[in-house]
file entry_29.cif (mmCIF, C-alpha atoms and all ligand atoms)
data_final
loop_
_atom_site.group_PDB
_atom_site.id
_atom_site.type_symbol
_atom_site.label_atom_id
_atom_site.label_comp_id
_atom_site.auth_asym_id
_atom_site.auth_seq_id
_atom_site.Cartn_x
_atom_site.Cartn_y
_atom_site.Cartn_z
ATOM 1 C CA MET A 259 53.178 -0.463 81.597
ATOM 2 C CA ASN A 260 56.784 -1.643 81.419
ATOM 3 C CA TRP A 261 55.711 -5.215 81.739
ATOM 4 C CA PHE A 262 53.615 -4.968 78.591
ATOM 5 C CA ALA A 263 56.414 -3.241 76.693
ATOM 6 C CA GLU A 264 58.870 -5.952 77.675
ATOM 7 C CA ARG A 265 56.408 -8.652 76.779
ATOM 8 C CA ARG A 266 56.042 -7.181 73.300
ATOM 9 C CA ASN A 267 59.810 -7.032 72.835
ATOM 10 C CA VAL A 268 60.150 -10.695 73.708
ATOM 11 C CA THR A 269 57.602 -11.881 71.187
ATOM 12 C CA ALA A 270 58.441 -9.450 68.410
ATOM 13 C CA VAL A 271 61.261 -10.640 66.199
ATOM 14 C CA GLY A 272 63.041 -7.665 64.747
ATOM 15 C CA ASN A 273 61.634 -4.165 64.789
ATOM 16 C CA GLY A 274 63.061 -2.988 61.497
ATOM 17 C CA SER A 275 66.574 -2.306 62.709
ATOM 18 C CA LEU A 276 67.770 -5.677 61.405
ATOM 19 C CA THR A 277 68.567 -6.488 57.807
ATOM 20 C CA PRO A 278 65.650 -8.211 55.988
ATOM 21 C CA ARG A 279 67.640 -11.426 55.493
ATOM 22 C CA VAL A 280 68.419 -11.718 59.212
ATOM 23 C CA SER A 281 64.814 -10.960 60.089
ATOM 24 C CA GLU A 282 63.774 -13.766 57.749
ATOM 25 C CA ILE A 283 66.123 -16.273 59.425
ATOM 26 C CA LEU A 284 64.984 -15.112 62.850
ATOM 27 C CA GLU A 285 61.362 -15.471 61.842
ATOM 28 C CA GLY A 286 61.980 -19.060 60.741
ATOM 29 C CA ASN A 287 63.869 -19.910 63.928
ATOM 30 C CA PHE A 288 61.182 -18.196 65.958
ATOM 31 C CA GLN A 289 58.516 -20.424 64.399
ATOM 32 C CA ASN A 290 60.658 -23.526 64.977
ATOM 33 C CA SER A 291 61.121 -22.563 68.610
ATOM 34 C CA GLY A 292 57.440 -23.221 69.211
ATOM 35 C CA GLY A 293 56.690 -26.369 71.177
ATOM 36 C CA MET A 294 60.189 -26.689 72.605
ATOM 37 C CA LEU A 295 60.648 -27.484 76.252
ATOM 38 C CA VAL A 296 62.931 -25.015 77.959
ATOM 39 C CA ARG A 297 64.464 -25.574 81.353
ATOM 40 C CA ARG A 298 66.206 -22.657 82.928
ATOM 41 C CA ILE A 299 69.604 -23.473 84.464
ATOM 42 C CA ASN A 300 70.568 -19.940 85.507
ATOM 43 C CA ASN A 301 70.261 -16.355 84.237
ATOM 44 C CA VAL A 302 71.948 -17.095 80.921
ATOM 45 C CA GLU A 303 72.001 -20.893 80.568
ATOM 46 C CA PHE A 304 69.098 -22.979 79.375
ATOM 47 C CA GLU A 305 68.442 -26.575 78.453
ATOM 48 C CA VAL A 306 66.185 -26.872 75.444
ATOM 49 C CA LYS A 307 64.423 -30.038 74.315
ATOM 50 C CA ASP A 308 62.993 -29.928 70.808
ATOM 51 C CA LYS A 309 59.989 -31.804 69.396
ATOM 52 C CA VAL A 310 62.157 -34.758 68.347
ATOM 53 C CA GLY A 311 63.450 -35.078 71.899
ATOM 54 C CA SER A 312 66.997 -33.860 71.304
ATOM 55 C CA SER A 313 68.269 -31.562 74.013
ATOM 56 C CA TYR A 314 70.498 -28.561 73.506
ATOM 57 C CA HIS A 315 72.455 -26.388 75.866
ATOM 58 C CA VAL A 316 72.043 -22.671 75.308
ATOM 59 C CA ASN A 317 74.125 -19.905 76.853
ATOM 60 C CA LEU A 318 72.593 -16.542 76.044
ATOM 61 C CA GLY A 319 75.445 -14.721 77.796
ATOM 62 C CA GLU A 320 78.013 -16.268 75.481
ATOM 63 C CA LYS A 321 75.567 -16.293 72.562
ATOM 64 C CA ALA A 322 76.171 -19.996 72.156
ATOM 65 C CA CYS A 323 74.168 -23.160 71.605
ATOM 66 C CA SER A 324 75.295 -26.776 71.517
ATOM 67 C CA CYS A 325 73.897 -26.985 67.963
ATOM 68 C CA PHE A 326 76.634 -24.443 67.030
ATOM 69 C CA SER A 327 74.276 -22.644 64.643
ATOM 70 C CA PHE A 328 74.106 -19.670 66.992
ATOM 71 C CA GLN A 329 77.891 -19.258 67.098
ATOM 72 C CA LYS A 330 78.336 -19.812 63.354
ATOM 73 C CA LEU A 331 75.644 -17.469 62.054
ATOM 74 C CA LEU A 332 75.741 -15.039 64.983
ATOM 75 C CA ILE A 333 71.965 -15.228 64.743
ATOM 76 C CA PRO A 334 70.053 -16.935 67.565
ATOM 77 C CA CYS A 335 68.970 -20.463 66.602
ATOM 78 C CA SER A 336 65.518 -21.784 67.435
ATOM 79 C CA HIS A 337 66.861 -23.120 70.757
ATOM 80 C CA ALA A 338 68.290 -19.742 71.671
ATOM 81 C CA ILE A 339 65.023 -18.034 70.755
ATOM 82 C CA ALA A 340 63.066 -20.529 72.857
ATOM 83 C CA SER A 341 65.462 -19.765 75.730
ATOM 84 C CA ALA A 342 65.161 -16.020 75.170
ATOM 85 C CA ILE A 343 61.376 -16.246 75.376
ATOM 86 C CA LYS A 344 61.658 -18.289 78.563
ATOM 87 C CA GLY A 345 64.211 -15.912 80.048
ATOM 88 C CA LYS A 346 62.357 -12.825 78.798
ATOM 89 C CA VAL A 347 65.435 -11.719 76.908
ATOM 90 C CA ARG A 348 65.054 -9.540 73.831
ATOM 91 C CA ILE A 349 65.733 -11.799 70.842
ATOM 92 C CA GLU A 350 67.069 -8.843 68.922
ATOM 93 C CA SER A 351 69.703 -8.243 71.568
ATOM 94 C CA LEU A 352 71.078 -11.718 70.802
ATOM 95 C CA VAL A 353 71.680 -10.945 67.137
ATOM 96 C CA SER A 354 75.185 -9.820 66.379
ATOM 97 C CA ASP A 355 75.541 -6.067 65.875
ATOM 98 C CA PHE A 356 77.128 -7.029 62.571
ATOM 99 C CA TYR A 357 73.667 -7.587 61.114
ATOM 100 C CA SER A 358 71.957 -4.460 62.318
ATOM 101 C CA LEU A 359 71.316 -1.624 59.928
ATOM 102 C CA GLU A 360 72.654 0.767 62.545
ATOM 103 C CA THR A 361 76.047 -0.911 62.290
ATOM 104 C CA LEU A 362 75.947 -0.608 58.511
ATOM 105 C CA ASN A 363 75.246 3.096 58.894
ATOM 106 C CA SER A 364 78.075 3.538 61.368
ATOM 107 C CA ALA A 365 80.341 1.687 58.918
ATOM 108 C CA TYR A 366 79.496 4.390 56.398
ATOM 109 C CA ALA A 367 80.252 6.983 59.038
ATOM 110 C CA GLY A 368 83.642 5.340 59.416
ATOM 111 C CA ASP A 369 84.366 5.991 55.738
ATOM 112 C CA ILE A 370 83.613 9.657 56.272
ATOM 113 C CA VAL A 371 86.254 9.900 58.999
ATOM 114 C CA PRO A 372 89.174 10.568 56.564
ATOM 115 C CA ILE A 373 87.309 13.647 55.276
ATOM 116 C CA THR A 374 87.140 14.929 58.843
ATOM 117 C CA THR A 375 90.906 14.354 59.103
ATOM 118 C CA GLU A 376 91.396 16.504 55.986
ATOM 119 C CA ILE A 377 89.443 19.290 57.621
ATOM 120 C CA GLU A 378 91.644 18.912 60.684
ATOM 121 C CA THR A 379 94.758 19.179 58.494
ATOM 122 C CA ARG A 380 93.377 22.339 56.945
ATOM 123 C CA GLU A 381 92.819 23.719 60.404
ATOM 124 C CA GLY A 382 96.407 22.751 61.244
ATOM 125 C CA ILE A 383 97.702 24.767 58.273
ATOM 126 C CA THR A 384 95.662 27.737 59.419
ATOM 127 C CA GLU A 385 97.269 27.418 62.834
ATOM 128 C CA THR A 386 100.824 27.390 61.404
ATOM 129 C CA GLU A 387 99.938 30.422 59.280
ATOM 130 C CA GLY A 388 98.616 32.112 62.344
ATOM 131 C CA GLU A 389 101.693 31.240 64.432
ATOM 132 C CA PRO A 390 104.046 33.976 63.066
ATOM 133 C CA VAL A 391 101.380 36.585 63.710
ATOM 134 C CA ILE A 392 101.203 35.535 67.343
ATOM 135 C CA ILE A 393 105.002 35.117 67.742
ATOM 136 C CA PHE A 394 106.087 38.454 66.105
ATOM 137 C CA PRO A 395 104.756 40.892 68.691
ATOM 138 C CA PRO A 396 106.289 39.203 71.794
ATOM 139 C CA SER A 397 109.677 38.497 70.111
ATOM 140 C CA SER A 398 109.936 42.174 69.125
ATOM 141 C CA ARG A 399 109.029 43.168 72.652
ATOM 142 C CA ARG A 400 111.869 41.076 74.106
ATOM 143 C CA PRO A 401 114.595 43.531 72.991
ATOM 144 C CA PRO A 402 112.932 46.821 73.971
ATOM 145 C CA GLY A 403 116.173 48.840 73.993
ATOM 146 C CA ARG A 404 116.801 48.546 70.244
ATOM 147 C CA PRO A 405 114.737 50.832 68.003
ATOM 148 C CA ARG A 406 115.788 48.963 64.788
ATOM 149 C CA LYS A 407 113.914 45.877 65.973
ATOM 150 C CA SER A 408 110.719 47.896 66.086
ATOM 151 C CA ARG A 409 111.175 48.526 62.328
ATOM 152 C CA ILE A 410 111.261 44.746 61.798
ATOM 153 C CA LEU A 411 108.051 44.615 63.749
ATOM 154 C CA SER A 412 106.495 47.028 61.269
ATOM 155 C CA MET A 413 107.553 44.614 58.475
ATOM 156 C CA GLY A 414 105.803 41.848 60.348
ATOM 157 C CA GLU A 415 102.749 44.028 60.514
ATOM 158 C CA ILE A 416 102.809 44.417 56.743
ATOM 159 C CA ARG A 417 102.867 40.623 56.424
ATOM 160 C CA VAL A 418 99.843 40.450 58.690
ATOM 161 C CA SER A 419 97.981 42.966 56.547
ATOM 162 C CA LYS A 420 98.793 40.886 53.422
ATOM 163 C CA ARG A 421 97.172 37.850 55.029
ATOM 164 C CA CYS A 422 94.086 39.847 55.801
HETATM 165 ZN ZN ZN A 501 70.668 -24.212 68.833
#

call {"tool": "encode", "arguments": {"input": "entry_29.cif", "output": "structure tokens"}}
result
Amino acid sequence: MNWFAERRNVTAVGNGSLTPRVSEILEGNFQNSGGMLVRRINNVEFEVKDKVGSSYHVNLGEKACSCFSFQKLLIPCSHAIASAIKGKVRIESLVSDFYSLETLNSAYAGDIVPITTEIETREGITETEGEPVIIFPPSSRRPPGRPRKSRILSMGEIRVSKRC
């Protein structure tokens, strides 16, 4: 079951979470990756020979290719895609998060953050307003021997009732 799912992920380029432009570039690179000879060096490094016979060194771990297209665009080049297919690595996982729609959404979420801060400030004001109410009873209790202080406490109670 998992094997089939993984197989589908390898061959499918983009599942809708990428921007259309990136998907288009990936699609083109994916088609160009056909017919390339890929030799696996290790888990992340591959040697790719294209149809013309030029060989490229791909490092999927560093998201780099000796053609430099991968590093420049942050989108896997045809060599990287050929390597990803060989290494059964999800092509989508090689695309920079910068291009995913999810990142764009989270960027919007980042703009909303200041509003949350405003709410926090409002809460902070509420806390400072609430502070005297909490402080008054214990401070009046500290001098229990003086009856005049208890009258001040009653004034504090009036203030509390005004807030309510
Ligand atoms: Zn390349």

call {"tool": "closest_residue", "arguments": {"input": "entry_29.cif", "among": "A:Ile339, A:Cys325, A:Val296, A:Ile349", "to": "ligand ZN 501 (chain A)", "atoms": "all atoms listed in the file"}}
result
A:Cys325

call {"tool": "residues_around", "arguments": {"input": "entry_29.cif", "residues": "Gly292 in chain A", "least_positions_apart": "6", "cutoff": "9 Å", "atoms": "all atoms listed in the file", "output": "number ranges by chain"}}
result
A: 308-309, 336, 340

call {"tool": "write_last_selection", "arguments": {"input": "entry_29.cif", "atoms": "C-alpha atoms", "output": "PDB file, in the frame of the given file"}}
result
ATOM      1  CA  ASP A 308      62.993 -29.928  70.808  1.00  0.00           C
ATOM      2  CA  LYS A 309      59.989 -31.804  69.396  1.00  0.00           C
ATOM      3  CA  SER A 336      65.518 -21.784  67.435  1.00  0.00           C
ATOM      4  CA  ALA A 340      63.066 -20.529  72.857  1.00  0.00           C
TER       5      ALA A 340
END

call {"tool": "resolve_selection", "arguments": {"input": "entry_29.cif", "expression": "the PyMOL selection byres (((not hetatm)) within 10 of (chain A and resi 501))", "output": "list in words"}}
result
Asn287, Ser291, Val306, Asp308, Ser313, Tyr314, His315, Val316, Asn317, Ala322, Cys323, Ser324, Cys325, Phe326, Ser327, Phe328, Gln329, Ile333, Pro334, Cys335, Ser336, His337, Ala338, Ile339, Ala340 and Ser341 of chain A

call {"tool": "write_last_selection", "arguments": {"input": "entry_29.cif", "atoms": "C-alpha atoms", "output": "PDB file, in the frame of the given file"}}
result
ATOM      1  CA  ASN A 287      63.869 -19.910  63.928  1.00  0.00           C
ATOM      2  CA  SER A 291      61.121 -22.563  68.610  1.00  0.00           C
ATOM      3  CA  VAL A 306      66.185 -26.872  75.444  1.00  0.00           C
ATOM      4  CA  ASP A 308      62.993 -29.928  70.808  1.00  0.00           C
ATOM      5  CA  SER A 313      68.269 -31.562  74.013  1.00  0.00           C
ATOM      6  CA  TYR A 314      70.498 -28.561  73.506  1.00  0.00           C
ATOM      7  CA  HIS A 315      72.455 -26.388  75.866  1.00  0.00           C
ATOM      8  CA  VAL A 316      72.043 -22.671  75.308  1.00  0.00           C
ATOM      9  CA  ASN A 317      74.125 -19.905  76.853  1.00  0.00           C
ATOM     10  CA  ALA A 322      76.171 -19.996  72.156  1.00  0.00           C
ATOM     11  CA  CYS A 323      74.168 -23.160  71.605  1.00  0.00           C
ATOM     12  CA  SER A 324      75.295 -26.776  71.517  1.00  0.00           C
ATOM     13  CA  CYS A 325      73.897 -26.985  67.963  1.00  0.00           C
ATOM     14  CA  PHE A 326      76.634 -24.443  67.030  1.00  0.00           C
ATOM     15  CA  SER A 327      74.276 -22.644  64.643  1.00  0.00           C
ATOM     16  CA  PHE A 328      74.106 -19.670  66.992  1.00  0.00           C
ATOM     17  CA  GLN A 329      77.891 -19.258  67.098  1.00  0.00           C
ATOM     18  CA  ILE A 333      71.965 -15.228  64.743  1.00  0.00           C
ATOM     19  CA  PRO A 334      70.053 -16.935  67.565  1.00  0.00           C
ATOM     20  CA  CYS A 335      68.970 -20.463  66.602  1.00  0.00           C
ATOM     21  CA  SER A 336      65.518 -21.784  67.435  1.00  0.00           C
ATOM     22  CA  HIS A 337      66.861 -23.120  70.757  1.00  0.00           C
ATOM     23  CA  ALA A 338      68.290 -19.742  71.671  1.00  0.00           C
ATOM     24  CA  ILE A 339      65.023 -18.034  70.755  1.00  0.00           C
ATOM     25  CA  ALA A 340      63.066 -20.529  72.857  1.00  0.00           C
ATOM     26  CA  SER A 341      65.462 -19.765  75.730  1.00  0.00           C
TER      27      SER A 341
END

call {"tool": "atom_distance", "arguments": {"input": "entry_29.cif", "atom1": "CA of Leu318 in chain A", "atom2": "CA of Ser358 in chain A"}}
result
18.3 Å

call {"tool": "atom_distance", "arguments": {"input": "entry_29.cif", "atom1": "CA of Leu332 in chain A", "atom2": "CA of Gln289 in chain A"}}
result
18.1 Å

call {"tool": "closest_residue", "arguments": {"input": "entry_29.cif", "among": "A:Glu285, A:Val280, A:Gly311, A:Glu303", "to": "Gly345 in chain A", "atoms": "all atoms listed in the file"}}
result
A:Glu303

call {"tool": "atom_distance", "arguments": {"input": "entry_29.cif", "atom1": "CA of Arg279 in chain A", "atom2": "CA of Lys321 in chain A"}}
result
19.4 Å

call {"tool": "axis_aligned_box", "arguments": {"input": "entry_29.cif", "around": "range 278-295 of chain A", "padding_each_side": "5 Å", "output": "AutoDock Vina command-line options"}}
result
--center_x 62.6 --center_y -17.8 --center_z 65.9 --size_x 21.7 --size_y 29.3 --size_z 30.8

call {"tool": "closest_residue", "arguments": {"input": "entry_29.cif", "among": "A:Ser281, A:Gly319, A:Gly293, A:Val310", "to": "Val347 in chain A", "atoms": "all atoms listed in the file"}}
result
A:Gly319
